[in-house]
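Text of coords-v1.cif (mmCIF, C-alpha atoms) as supplied:
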data_coords
#
loop_
_atom_site.label_atom_id
_atom_site.label_comp_id
_atom_site.auth_asym_id
_atom_site.auth_seq_id
_atom_site.Cartn_x
_atom_site.Cartn_y
_atom_site.Cartn_z
CA MET A 1 159.04 75.36 85.01
CA SER A 2 156.91 77.60 87.23
CA HIS A 3 158.12 81.07 88.09
CA ALA A 4 155.69 81.65 90.96
CA VAL A 5 156.70 81.81 94.60
CA HIS A 6 153.71 79.56 95.17
CA ASP A 7 150.38 79.14 93.44
CA ASP A 8 148.56 82.02 95.12
CA GLU A 9 151.40 84.57 94.94
CA VAL A 10 152.59 86.94 92.23
CA PRO A 11 154.83 85.25 89.63
CA LEU A 12 158.48 86.18 89.76
CA THR A 13 158.58 87.30 86.11
CA LEU A 14 156.06 88.50 83.53
CA GLU A 15 156.27 85.18 81.70
CA SER A 16 153.76 83.47 84.04
CA ALA A 17 150.06 84.19 84.34
CA ALA A 18 148.85 86.28 87.29
CA PRO A 19 146.71 84.37 89.84
CA LYS A 20 143.16 85.70 90.33
CA THR A 21 142.74 85.43 94.09
CA LEU A 22 141.62 88.86 95.34
CA GLY A 23 137.94 89.52 96.07
CA VAL A 24 136.15 92.81 96.68
CA LEU A 25 137.00 92.77 100.41
CA ASP A 26 140.70 92.29 99.65
CA GLN A 27 140.65 95.17 97.18
CA GLY A 28 138.56 97.35 99.49
CA ALA A 29 140.91 96.76 102.42
CA LEU A 30 143.98 97.51 100.30
CA TRP A 31 142.62 100.75 98.90
CA ALA A 32 141.11 101.91 102.17
CA ASN A 33 144.50 101.51 103.83
CA LEU A 34 146.26 103.29 100.97
CA ALA A 35 143.90 106.24 101.42
CA VAL A 36 144.78 106.66 105.11
CA SER A 37 148.12 108.42 104.97
CA LEU A 38 149.98 110.24 107.72
CA LEU A 39 151.03 112.70 105.02
CA GLY A 40 147.34 113.15 104.28
CA PHE A 41 146.75 114.59 107.76
CA SER A 42 149.21 117.42 107.20
CA GLY A 43 148.00 117.60 103.60
CA ALA A 44 144.67 118.84 104.94
CA LEU A 45 146.43 122.21 105.08
CA PHE A 46 146.49 122.26 101.26
CA LEU A 47 142.82 121.30 101.25
CA ILE A 48 141.79 124.07 103.63
CA ASP A 49 143.77 126.80 101.86
CA PRO A 50 145.04 125.56 98.46
CA LEU A 51 145.85 129.04 97.14
CA GLY A 52 147.31 130.51 100.33
CA GLY A 53 145.34 133.39 101.80
CA ALA A 54 141.87 132.21 100.69
CA PRO A 55 140.81 129.53 103.19
CA LEU A 56 137.68 127.48 102.63
CA THR A 57 134.75 127.16 104.97
CA LEU A 58 134.50 123.80 106.73
CA ALA A 59 131.54 122.85 104.51
CA ALA A 60 133.47 123.80 101.37
CA ALA A 61 136.54 121.82 102.44
CA LEU A 62 134.54 118.69 103.25
CA THR A 63 132.50 119.00 100.04
CA ALA A 64 135.71 119.36 98.01
CA THR A 65 137.00 116.21 99.72
CA VAL A 66 133.94 114.18 98.71
CA VAL A 67 133.76 115.55 95.15
CA GLY A 68 137.49 115.24 94.50
CA SER A 69 137.64 111.75 96.00
CA LEU A 70 134.75 110.46 93.87
CA ILE A 71 136.20 111.90 90.66
CA GLY A 72 139.71 110.69 91.41
CA THR A 73 138.75 107.22 92.57
CA ALA A 74 136.44 106.74 89.59
CA MET A 75 139.50 107.34 87.39
CA VAL A 76 141.56 104.91 89.44
CA GLY A 77 138.77 102.32 89.41
CA LEU A 78 138.33 102.50 85.64
CA SER A 79 142.08 102.25 85.12
CA ALA A 80 142.03 99.06 87.20
CA ILE A 81 139.56 97.24 84.95
CA PRO A 82 141.91 96.64 81.97
CA GLY A 83 144.37 95.08 84.41
CA THR A 84 141.74 92.62 85.57
CA GLN A 85 140.66 91.78 82.03
CA THR A 86 144.15 91.34 80.57
CA GLY A 87 146.01 90.12 83.66
CA GLN A 88 148.78 92.63 82.96
CA PRO A 89 150.33 95.24 85.29
CA ALA A 90 149.80 98.93 84.56
CA MET A 91 152.92 99.78 82.61
CA VAL A 92 152.65 96.64 80.48
CA LEU A 93 149.08 97.69 79.67
CA LEU A 94 150.52 100.86 78.17
CA ARG A 95 152.11 98.76 75.45
CA GLY A 96 148.59 98.47 74.08
CA LEU A 97 148.08 102.23 74.23
CA PHE A 98 151.42 103.53 73.00
CA GLY A 99 153.26 100.46 71.71
CA ALA A 100 156.03 98.56 73.50
CA ARG A 101 158.85 101.05 72.92
CA LEU A 102 156.80 104.19 73.54
CA SER A 103 155.41 102.69 76.75
CA TYR A 104 158.92 103.15 78.16
CA ILE A 105 158.23 106.93 78.40
CA PRO A 106 155.37 106.73 80.94
CA THR A 107 157.11 103.75 82.55
CA ALA A 108 160.18 105.87 83.28
CA LEU A 109 157.99 108.68 84.65
CA ASN A 110 156.13 106.22 86.84
CA ILE A 111 159.34 104.70 88.18
CA ILE A 112 160.55 108.17 89.14
CA GLN A 113 157.31 109.08 90.92
CA MET A 114 156.99 105.71 92.66
CA ILE A 115 160.53 105.90 94.01
CA GLY A 116 159.79 109.43 95.20
CA TRP A 117 156.60 108.33 96.91
CA GLY A 118 158.38 105.36 98.47
CA ALA A 119 161.01 107.65 99.96
CA PHE A 120 158.32 110.03 101.21
CA GLU A 121 156.59 107.16 102.97
CA LEU A 122 159.75 105.93 104.69
CA TRP A 123 160.32 109.48 105.87
CA VAL A 124 156.80 109.85 107.26
CA ILE A 125 156.91 106.43 108.95
CA SER A 126 160.13 107.43 110.67
CA MET A 127 158.84 110.85 111.69
CA GLY A 128 155.65 109.26 113.02
CA ALA A 129 157.67 106.80 115.07
CA MET A 130 159.81 109.63 116.46
CA ALA A 131 156.64 111.55 117.39
CA ILE A 132 155.80 108.62 119.66
CA PHE A 133 159.21 107.60 120.98
CA GLY A 134 161.17 110.84 120.68
CA ASP A 135 164.87 110.86 119.81
CA THR A 136 165.65 107.64 121.68
CA VAL A 137 166.03 105.84 118.37
CA PRO A 138 167.73 107.85 115.59
CA TYR A 139 165.82 108.76 112.43
CA ALA A 140 168.16 106.70 110.24
CA VAL A 141 167.39 103.54 112.22
CA TRP A 142 163.63 103.99 111.72
CA VAL A 143 164.17 104.53 107.97
CA ILE A 144 166.17 101.32 107.68
CA VAL A 145 163.65 99.31 109.74
CA ALA A 146 160.76 100.65 107.65
CA GLY A 147 162.70 99.94 104.46
CA VAL A 148 163.36 96.34 105.45
CA LEU A 149 159.69 95.80 106.36
CA THR A 150 158.63 97.35 103.05
CA THR A 151 160.94 95.12 101.05
CA VAL A 152 159.76 91.98 102.85
CA LEU A 153 156.13 92.85 102.06
CA THR A 154 156.96 93.22 98.36
CA ILE A 155 158.32 89.68 98.25
CA TRP A 156 154.86 88.35 99.22
CA PRO A 157 152.52 91.10 97.92
CA LEU A 158 149.29 89.10 97.78
CA GLY A 159 149.97 87.74 101.25
CA ALA A 160 150.46 91.32 102.43
CA ILE A 161 147.06 92.31 101.01
CA ARG A 162 145.35 89.39 102.75
CA LEU A 163 147.07 90.43 105.99
CA LEU A 164 145.65 93.94 105.59
CA ARG A 165 142.13 92.59 105.12
CA ARG A 166 142.20 90.21 108.05
CA TYR A 167 143.89 92.28 110.73
CA ILE A 168 145.17 95.77 109.94
CA THR A 169 142.03 97.33 108.48
CA ILE A 170 139.95 96.69 111.59
CA ALA A 171 142.63 98.18 113.84
CA VAL A 172 142.86 101.26 111.59
CA ILE A 173 139.09 101.80 111.66
CA ILE A 174 139.09 101.67 115.48
CA ALA A 175 142.01 104.14 115.61
CA LEU A 176 140.31 106.61 113.25
CA ILE A 177 137.06 106.48 115.21
CA TRP A 178 138.93 107.06 118.46
CA PHE A 179 140.74 110.11 117.09
CA ALA A 180 137.58 111.49 115.47
CA VAL A 181 135.74 111.41 118.80
CA ARG A 182 138.65 113.10 120.58
CA PHE A 183 139.26 115.79 117.93
CA LEU A 184 135.62 116.76 117.55
CA GLY A 185 135.65 117.58 121.25
CA ASP A 186 139.08 119.25 121.37
CA ALA A 187 139.21 121.27 118.14
CA PRO A 188 138.19 124.94 118.18
CA PRO A 189 135.00 125.83 116.25
CA GLN A 190 135.58 125.79 112.49
CA THR A 191 134.32 129.22 111.37
CA GLY A 192 135.03 131.73 108.62
CA GLY A 193 136.35 131.16 105.12
CA SER A 194 134.65 131.12 101.73
CA TRP A 195 134.07 128.92 98.66
CA THR A 196 136.46 130.93 96.47
CA ALA A 197 139.17 128.26 96.34
CA PHE A 198 136.76 125.33 96.04
CA MET A 199 137.92 124.14 92.59
CA PRO A 200 141.65 124.29 93.48
CA ALA A 201 140.82 122.23 96.58
CA VAL A 202 139.01 119.69 94.39
CA ASP A 203 142.10 119.66 92.14
CA TYR A 204 144.26 118.84 95.14
CA VAL A 205 142.03 115.97 96.30
CA ILE A 206 141.83 114.55 92.77
CA ALA A 207 145.64 114.66 92.62
CA LEU A 208 145.83 112.70 95.88
CA SER A 209 143.60 110.00 94.42
CA VAL A 210 144.75 109.94 90.83
CA SER A 211 148.39 109.53 91.81
CA TRP A 212 147.41 105.84 92.17
CA VAL A 213 146.21 105.53 88.54
CA PRO A 214 149.63 104.32 87.31
CA LEU A 215 149.62 101.36 89.68
CA ALA A 216 145.93 100.37 89.94
CA ALA A 217 146.27 97.52 87.44
CA ASP A 218 149.31 96.16 89.31
CA PHE A 219 146.89 94.93 91.97
CA ALA A 220 143.68 94.68 89.94
CA ARG A 221 145.22 92.05 87.67
CA HIS A 222 144.86 89.67 90.60
CA SER A 223 141.14 90.42 91.11
CA ARG A 224 138.54 87.75 90.56
CA SER A 225 136.42 90.20 88.57
CA SER A 226 136.40 93.73 87.18
CA ARG A 227 133.51 94.56 89.50
CA ALA A 228 135.55 93.53 92.54
CA ALA A 229 138.45 95.71 91.43
CA PHE A 230 136.34 98.79 90.65
CA THR A 231 134.15 98.53 93.75
CA GLY A 232 137.15 97.95 96.01
CA VAL A 233 138.96 101.01 94.67
CA VAL A 234 136.04 103.45 94.64
CA GLY A 235 134.39 102.26 97.84
CA GLY A 236 137.46 101.63 99.96
CA TYR A 237 139.54 104.59 98.87
CA THR A 238 136.75 107.19 98.84
CA LEU A 239 135.46 106.39 102.32
CA ALA A 240 138.93 106.28 103.84
CA GLN A 241 140.24 109.41 102.10
CA VAL A 242 137.22 111.46 103.16
CA ALA A 243 137.72 110.25 106.74
CA CYS A 244 141.47 110.90 106.62
CA LEU A 245 141.25 114.44 105.24
CA GLY A 246 138.31 115.29 107.47
CA LEU A 247 140.30 114.16 110.49
CA GLY A 248 143.26 116.13 109.17
CA VAL A 249 141.20 119.34 109.07
CA TYR A 250 140.55 119.06 112.81
CA ALA A 251 144.12 117.96 113.59
CA VAL A 252 145.47 121.03 111.77
CA ALA A 253 143.04 123.23 113.72
CA ILE A 254 144.28 121.78 117.02
CA ALA A 255 147.98 121.91 116.12
CA GLY A 256 147.67 125.33 114.48
CA ALA A 257 147.82 125.98 110.74
CA GLY A 258 150.95 128.11 111.14
CA ALA A 259 152.77 125.34 113.00
CA VAL A 260 151.83 122.73 110.39
CA ALA A 261 152.84 125.06 107.55
CA ALA A 262 156.25 125.50 109.17
CA ASP A 263 156.65 121.79 109.99
CA SER A 264 154.27 119.23 108.51
CA THR A 265 155.03 116.76 111.30
CA ALA A 266 153.50 119.19 113.82
CA VAL A 267 150.15 117.68 112.84
CA PHE A 268 151.22 114.49 114.66
CA VAL A 269 151.19 116.26 118.05
CA PRO A 270 147.40 116.15 118.61
CA PHE A 271 147.36 112.44 117.79
CA VAL A 272 150.05 111.50 120.28
CA ALA A 273 148.72 113.89 122.94
CA ALA A 274 145.21 112.38 122.94
CA PRO A 275 144.35 109.79 125.63
CA LEU A 276 145.70 106.45 124.39
CA GLY A 277 146.91 108.47 121.42
CA ALA A 278 150.38 106.91 121.30
CA LEU A 279 148.86 103.42 121.02
CA PHE A 280 146.39 104.24 118.28
CA PHE A 281 148.85 106.47 116.43
CA ALA A 282 151.36 103.60 116.48
CA ILE A 283 148.76 101.54 114.58
CA LEU A 284 148.57 104.25 111.92
CA VAL A 285 152.37 104.47 111.73
CA LEU A 286 152.69 100.71 111.28
CA ARG A 287 149.92 100.75 108.68
CA GLU A 288 151.82 103.38 106.70
CA ALA A 289 154.10 100.56 105.58
CA ASP A 290 151.42 99.52 103.08
CA GLN A 291 151.99 102.83 101.28
CA SER A 292 155.71 102.26 100.90
CA PHE A 293 155.02 98.62 100.02
CA ALA A 294 152.63 99.60 97.21
CA ASN A 295 155.12 102.10 95.79
CA VAL A 296 158.11 99.76 95.88
CA TYR A 297 156.09 96.86 94.47
CA SER A 298 154.74 98.97 91.61
CA THR A 299 158.21 100.30 90.89
CA THR A 300 159.28 96.67 90.61
CA VAL A 301 156.56 95.61 88.15
CA SER A 302 157.12 98.84 86.20
CA LEU A 303 160.77 97.87 85.80
CA GLN A 304 159.59 94.48 84.60
CA ASN A 305 158.01 96.23 81.62
CA LEU A 306 161.59 97.05 80.66
CA MET A 307 163.08 93.78 81.92
CA PRO A 308 160.27 91.19 81.81
CA ARG A 309 162.43 88.18 82.65
CA VAL A 310 164.22 89.60 85.71
CA ASP A 311 163.16 88.12 89.05
CA ARG A 312 160.98 90.68 90.85
CA ARG A 313 162.62 89.79 94.18
CA ILE A 314 165.94 91.12 92.88
CA LEU A 315 164.29 94.31 91.63
CA SER A 316 162.34 94.77 94.87
CA THR A 317 165.48 94.47 96.96
CA ALA A 318 167.35 96.97 94.81
CA ILE A 319 164.47 99.46 94.87
CA GLY A 320 164.08 98.99 98.62
CA VAL A 321 167.73 99.88 99.17
CA LEU A 322 167.42 102.91 96.86
CA THR A 323 164.33 104.29 98.60
CA VAL A 324 166.06 103.94 101.97
CA ALA A 325 169.05 105.89 100.65
CA ILE A 326 166.81 108.66 99.30
CA ALA A 327 164.70 108.81 102.47
CA LEU A 328 167.82 109.55 104.50
CA VAL A 329 168.23 112.88 102.67
CA VAL A 330 164.75 113.59 101.21
CA ASP A 331 163.20 117.06 101.30
CA VAL A 332 159.41 116.90 101.66
CA THR A 333 158.71 120.63 101.45
CA SER A 334 157.65 120.34 97.80
CA TYR A 335 154.92 117.77 98.58
CA GLY A 336 152.04 119.84 97.19
CA ALA A 337 153.90 120.71 94.01
CA PHE A 338 154.84 117.05 93.57
CA LEU A 339 151.15 116.07 93.62
CA GLY A 340 150.31 118.68 91.00
CA LEU A 341 153.00 117.46 88.65
CA ILE A 342 151.82 113.86 89.03
CA GLY A 343 148.23 114.78 88.29
CA ALA A 344 149.18 116.71 85.18
CA VAL A 345 151.08 113.75 83.76
CA PHE A 346 148.78 110.87 84.57
CA VAL A 347 145.26 112.35 84.50
CA PRO A 348 145.32 112.98 80.73
CA MET A 349 147.11 109.67 80.13
CA PHE A 350 144.30 107.88 81.96
CA ALA A 351 141.73 109.69 79.83
CA VAL A 352 143.47 108.58 76.62
CA LEU A 353 143.62 104.97 77.84
CA ALA A 354 139.99 104.94 79.02
CA VAL A 355 138.61 106.31 75.76
CA ASP A 356 140.73 104.05 73.58
CA TYR A 357 140.07 100.93 75.66
CA PHE A 358 136.39 101.35 76.53
CA LEU A 359 135.00 103.46 73.65
CA LEU A 360 137.18 102.81 70.61
CA GLY A 361 137.30 99.01 70.78
CA GLY A 362 140.70 98.77 72.37
CA SER A 363 139.61 96.00 74.70
CA THR A 364 139.25 93.64 71.72
CA ARG A 365 142.67 94.39 70.19
CA TRP A 366 144.86 95.34 73.17
CA ASN A 367 148.37 94.23 72.32
CA THR A 368 150.69 93.90 75.32
CA ALA A 369 153.37 91.89 73.54
CA GLU A 370 157.03 92.90 73.72
CA ASN A 371 156.89 93.76 70.02
CA ALA A 372 153.64 95.77 70.11
CA PRO A 373 153.90 98.38 67.32
CA ALA A 374 154.28 102.06 68.17
CA ARG A 375 151.11 104.17 68.21
CA TRP A 376 152.53 107.65 67.84
CA SER A 377 149.09 109.21 67.44
CA MET A 378 148.27 108.49 71.09
CA LEU A 379 151.02 110.85 72.23
CA LEU A 380 149.12 113.81 70.78
CA PRO A 381 146.04 113.67 73.06
CA TRP A 382 148.28 112.96 76.05
CA ALA A 383 150.43 116.01 75.31
CA LEU A 384 147.44 118.27 74.66
CA GLY A 385 145.76 117.04 77.84
CA PHE A 386 148.93 117.82 79.78
CA ALA A 387 148.91 121.36 78.38
CA ALA A 388 145.20 121.77 79.12
CA TYR A 389 145.81 120.77 82.71
CA TRP A 390 148.26 123.60 83.27
CA LEU A 391 146.19 126.13 81.33
CA THR A 392 143.13 125.50 83.52
CA THR A 393 144.54 124.67 86.94
CA SER A 394 144.85 127.36 89.59
CA THR A 395 146.77 125.24 92.09
CA PRO A 396 150.24 126.74 92.67
CA THR A 397 153.27 124.47 92.34
CA ILE A 398 156.72 125.88 91.49
CA ALA A 399 157.00 129.62 90.82
CA GLN A 400 159.03 129.33 87.61
CA TRP A 401 156.79 126.59 86.20
CA ASP A 402 153.57 128.42 87.07
CA GLY A 403 155.00 131.63 85.59
CA MET A 404 155.75 129.89 82.30
CA TRP A 405 152.14 128.72 81.95
CA ALA A 406 150.86 132.18 82.91
CA ALA A 407 152.91 133.52 80.00
CA VAL A 408 151.44 130.88 77.68
CA ARG A 409 147.91 131.84 78.71
CA GLU A 410 148.67 135.47 78.02
CA ALA A 411 150.27 134.70 74.68
CA ILE A 412 147.26 132.75 73.37
CA GLY A 413 144.68 135.04 74.97
CA PHE A 414 143.27 132.38 77.29
CA THR A 415 141.54 133.52 80.46
CA ARG A 416 141.38 131.03 83.31
CA GLU A 417 138.02 131.24 85.05
CA PRO A 418 137.60 130.53 88.78
CA TRP A 419 135.36 127.52 88.08
CA MET A 420 137.98 125.77 85.94
CA ASN A 421 139.60 122.60 87.22
CA GLY A 422 142.96 121.34 85.99
CA ALA A 423 142.26 117.63 86.39
CA LEU A 424 138.93 117.81 84.59
CA GLY A 425 140.29 120.19 81.96
CA GLY A 426 143.19 117.89 81.18
CA ALA A 427 141.02 114.77 81.13
CA ILE A 428 138.31 116.29 78.93
CA VAL A 429 140.75 117.65 76.34
CA ALA A 430 142.70 114.38 76.23
CA ALA A 431 139.46 112.38 75.86
CA LEU A 432 138.07 114.58 73.07
CA VAL A 433 141.33 114.56 71.12
CA THR A 434 141.51 110.76 71.50
CA LEU A 435 138.00 110.46 70.07
CA ALA A 436 139.04 112.70 67.15
CA VAL A 437 142.16 110.61 66.50
CA GLY A 438 140.01 107.47 66.59
CA ALA A 439 137.57 108.96 64.07
CA LEU A 440 140.42 109.87 61.72
CA ARG A 441 141.88 106.39 62.09
CA ARG A 442 138.56 104.75 61.18
CA ARG A 443 138.16 107.05 58.16
CA ALA A 444 141.67 106.22 56.97
CA THR A 445 140.93 102.49 57.35
CA ARG A 446 137.72 102.81 55.34
CA ASP A 447 139.50 104.78 52.60
CA ALA A 448 142.25 102.16 52.40
CA ARG A 449 139.67 99.40 51.88
CA ARG A 450 138.03 101.15 48.94
#
Final structure tokens representation of the file:
Amino acid sequence: MSHAVHDDEVPLTLESAAPKTLGVLDQGALWANLAVSLLGFSGALFLIDPLGGAPLTLAAALTATVVGSLIGTAMVGLSAIPGTQTGQPAMVLLRGLFGARLSYIPTALNIIQMIGWGAFELWVISMGAMAIFGDTVPYAVWVIVAGVLTTVLTIWPLGAIRLLRRYITIAVIIALIWFAVRFLGDAPPQTGGSWTAFMPAVDYVIALSVSWVPLAADFARHSRSSRAAFTGVVGGYTLAQVACLGLGVYAVAIAGAGAVAADSTAVFVPFVAAPLGALFFAILVLREADQSFANVYSTTVSLQNLMPRVDRRILSTAIGVLTVAIALVVDVTSYGAFLGLIGAVFVPMFAVLAVDYFLLGGSTRWNTAENAPARWSMLLPWALGFAAYWLTTSTPTIAQWDGMWAAVREAIGFTREPWMNGALGGAIVAALVTLAVGALRRRATRDARR
């Protein structure tokens, strides 16, 4: 008996094979739309001045955007390839890295972050709608409407992606061009600043991109080829994120950095105030639903790693209701810290997976069965990479957490240099330790055969 909604849609459970229907344009449209976030416009404030009190020059901010986007999307693109080759979603792939039972650890972390992101997106959709229509319709109504739309999209996820490619992407491109032309004329000259906080700004942009690592395979498993998946991620996401953050820099300048710091939704004012701004901004608000859709859908397939035979429509509905409930009371003031925590968890995990899969022969022995044996040794490079991230990053998050790592640095005599980057530090350490673990494993195998 088939468990698919229909032949070209995602199966309802993990027991059926994933259809391979998405080409490079489908993937490119999906990832380009995911990179254009209304939160990203206000997030340009973190890009301009990631440390607070040490703003970047315009050239430094834009360069950090390009560098961080390329590094982050390369990670996301590489993490998508195993999904294409195995046909498995991201958290099921981790059975091959950690074993079935141990994969529940990152699965639980991913479920938490995806629900959080889903709630954030419902909040920003609602605030964007209120920036256009005012208080005529209450915030709670917009949250519920956005939540219903999100849940409907998750029932037909591949159909939603095809819809993005055919219609939404073109409208978004036109809207971005329109706002770029208006803002370049309206924004005050971008002067002053330095390159001092360049690496923290790169860290921030990498975190924006790499937050998608845990769900890349959820969509890449439906790609016709690994090349289509990788090219769609890197090309679509990089171009759109650079455009989004660049536009955000000018929007923050027009709205005023102080106003945006006090209220992140203040960045919406220049968009709505521009000629025809309400129309084009409405396109961006409607498009934001693909962000909440991606988060709810990936939460669903992550839960299927724990419950592989449960109908995803049931899980999607339950998660949709939960994200709506959270969005009604969510506090978005810790947005920057949230990104830092995500990066620290999943950047080193990606590095461990990439080294084991691509360099240590994992692609030939990847075991995603429900009884895949535990690989405890893979937790070591992940944990050390996590620690390396916080030892080398200079991006502030939560005072108590940052203070703890400052104390650790002092205790071990480690000096953090200005050129250090948390994402790269965590990835490099995790990769090197994974290579060392692999070498020890091969030596132990050779010794056992003697």
All residues 7 Å or closer to A:Gly193, all atoms listed in the file, same chain fewer than 6 positions away omitted, as JSON, numbers by chain: {"A": [55, 56, 57]}
Distance criterion (all atoms listed in the file): nearest to A:Tyr237 out of A:Met307, A:Ile71, A:Leu22, A:Val141: A:Ile71
Hits of the PyMOL selection byres ((chain A and resi 26) around 8) in this structure, as a ChimeraX atom specification: /A:22-25,27-30,161-162,164-165,232
Spatial neighbours of stretch 81-98 of chain A, 8 Å, all atoms listed in the file, chain gap at least 5 places, as an MDAnalysis selection string: chainID A and resid 17:18 103 106:107 214:226 229:230 301:302 305 353 356:357 363 366:370 372 374:376 378:379
Write the selection just made, keeping C-alpha atoms, as a short mmCIF file (atom, residue, chain, number, x, y, z; two decimals), in the frame of the given file?
data_model
loop_
_atom_site.label_atom_id
_atom_site.label_comp_id
_atom_site.auth_asym_id
_atom_site.auth_seq_id
_atom_site.Cartn_x
_atom_site.Cartn_y
_atom_site.Cartn_z
CA ALA A 17 150.06 84.19 84.34
CA ALA A 18 148.85 86.28 87.29
CA SER A 103 155.41 102.69 76.75
CA PRO A 106 155.37 106.73 80.94
CA THR A 107 157.11 103.75 82.55
CA PRO A 214 149.63 104.32 87.31
CA LEU A 215 149.62 101.36 89.68
CA ALA A 216 145.93 100.37 89.94
CA ALA A 217 146.27 97.52 87.44
CA ASP A 218 149.31 96.16 89.31
CA PHE A 219 146.89 94.93 91.97
CA ALA A 220 143.68 94.68 89.94
CA ARG A 221 145.22 92.05 87.67
CA HIS A 222 144.86 89.67 90.60
CA SER A 223 141.14 90.42 91.11
CA ARG A 224 138.54 87.75 90.56
CA SER A 225 136.42 90.20 88.57
CA SER A 226 136.40 93.73 87.18
CA ALA A 229 138.45 95.71 91.43
CA PHE A 230 136.34 98.79 90.65
CA VAL A 301 156.56 95.61 88.15
CA SER A 302 157.12 98.84 86.20
CA ASN A 305 158.01 96.23 81.62
CA LEU A 353 143.62 104.97 77.84
CA ASP A 356 140.73 104.05 73.58
CA TYR A 357 140.07 100.93 75.66
CA SER A 363 139.61 96.00 74.70
CA TRP A 366 144.86 95.34 73.17
CA ASN A 367 148.37 94.23 72.32
CA THR A 368 150.69 93.90 75.32
CA ALA A 369 153.37 91.89 73.54
CA GLU A 370 157.03 92.90 73.72
CA ALA A 372 153.64 95.77 70.11
CA ALA A 374 154.28 102.06 68.17
CA ARG A 375 151.11 104.17 68.21
CA TRP A 376 152.53 107.65 67.84
CA MET A 378 148.27 108.49 71.09
CA LEU A 379 151.02 110.85 72.23
#
Cut-off 9 Å around (137.7, 102.8, 88.9) with only C-alpha atoms: residues as number ranges by chain: A: 72-81, 213, 216, 229-234
Of the listed residues A:Leu70, A:Val181, A:Met127, A:Val272, that which approaches A:Ala327 most closely, counting only C-alpha atoms: A:Met127
A:Val242, A:Gly53, A:Trp390, A:Pro189 ranked by distance to A:Ser69, top pick (using all atoms listed in the file):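 Distance minimum relative to A:Ser69 lands on A:Val242.
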Of the listed residues A:Thr154, A:Thr393, A:Ser211, A:Ser42, that which approaches A:Ala266 most closely, counting all atoms listed in the file: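 Result for the nearest residue to A:Ala266: A:Ser42.
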Minimum-distance residue to A:Leu279, chosen among A:Ile132, A:Val408, A:Ala228, A:Ile111 (using all atoms listed in the file): A:Ile132
Exercise: A:Leu322 partners within 10 Å, all atoms listed in the file, chain neighbours under 6 positions left out, as JSON, numbers by chain: {"A": [115, 118, 119, 147, 296, 316]}
Could those residues be written to a file, using C-alpha atoms, as an mmCIF file, keeping the file's coordinate frame?
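The resulting result05.cif:
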data_model
loop_
_atom_site.group_PDB
_atom_site.id
_atom_site.type_symbol
_atom_site.label_atom_id
_atom_site.label_comp_id
_atom_site.auth_asym_id
_atom_site.auth_seq_id
_atom_site.Cartn_x
_atom_site.Cartn_y
_atom_site.Cartn_z
ATOM 1 C CA ILE A 115 160.530 105.900 94.010
ATOM 2 C CA GLY A 118 158.380 105.360 98.470
ATOM 3 C CA ALA A 119 161.010 107.650 99.960
ATOM 4 C CA GLY A 147 162.700 99.940 104.460
ATOM 5 C CA VAL A 296 158.110 99.760 95.880
ATOM 6 C CA SER A 316 162.340 94.770 94.870
#
Using only C-alpha atoms: which of A:Ala262, A:Ile254, A:Ala444, A:Val202 has the shortest distance to A:Ala64: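 For A:Ala64, the nearest of the candidates is A:Val202.
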Test item: residues at most 10 Å from A:Ala282, all atoms listed in the file, excluding those fewer than 4 positions along its chain, as a JSON list (two decimals) with C-alpha atoms, keeping the file's coordinate frame:
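Ended up saving to selection32.json:
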[["chain", "number", "residue", "atom", "x", "y", "z"],
["A", 125, "ILE", "CA", 156.91, 106.43, 108.95],
["A", 128, "GLY", "CA", 155.65, 109.26, 113.02],
["A", 129, "ALA", "CA", 157.67, 106.80, 115.07],
["A", 131, "ALA", "CA", 156.64, 111.55, 117.39],
["A", 132, "ILE", "CA", 155.80, 108.62, 119.66],
["A", 133, "PHE", "CA", 159.21, 107.60, 120.98],
["A", 175, "ALA", "CA", 142.01, 104.14, 115.61],
["A", 271, "PHE", "CA", 147.36, 112.44, 117.79],
["A", 272, "VAL", "CA", 150.05, 111.50, 120.28],
["A", 277, "GLY", "CA", 146.91, 108.47, 121.42],
["A", 278, "ALA", "CA", 150.38, 106.91, 121.30],
["A", 286, "LEU", "CA", 152.69, 100.71, 111.28],
["A", 287, "ARG", "CA", 149.92, 100.75, 108.68],
["A", 288, "GLU", "CA", 151.82, 103.38, 106.70]]
Residue neighbourhood A:Arg416, 9 Å, only C-alpha atoms, exclusion window fewer than 6 positions, as a ChimeraX atom specification: /A:391-394,409
If the box runs along x, y and z of the file and leaves 4 Å on each side of stretch 55-73 of chain A, what are its centre and edge lengths in Å, one decimal, as AutoDock Vina command-line options?
--center_x 136.2 --center_y 118.4 --center_z 98.7 --size_x 17.3 --size_y 30.3 --size_z 24.1
Interatomic distance (Å, one decimal) between atom CA of A:Trp31 and atom CA of A:Leu239: 9.7 Å
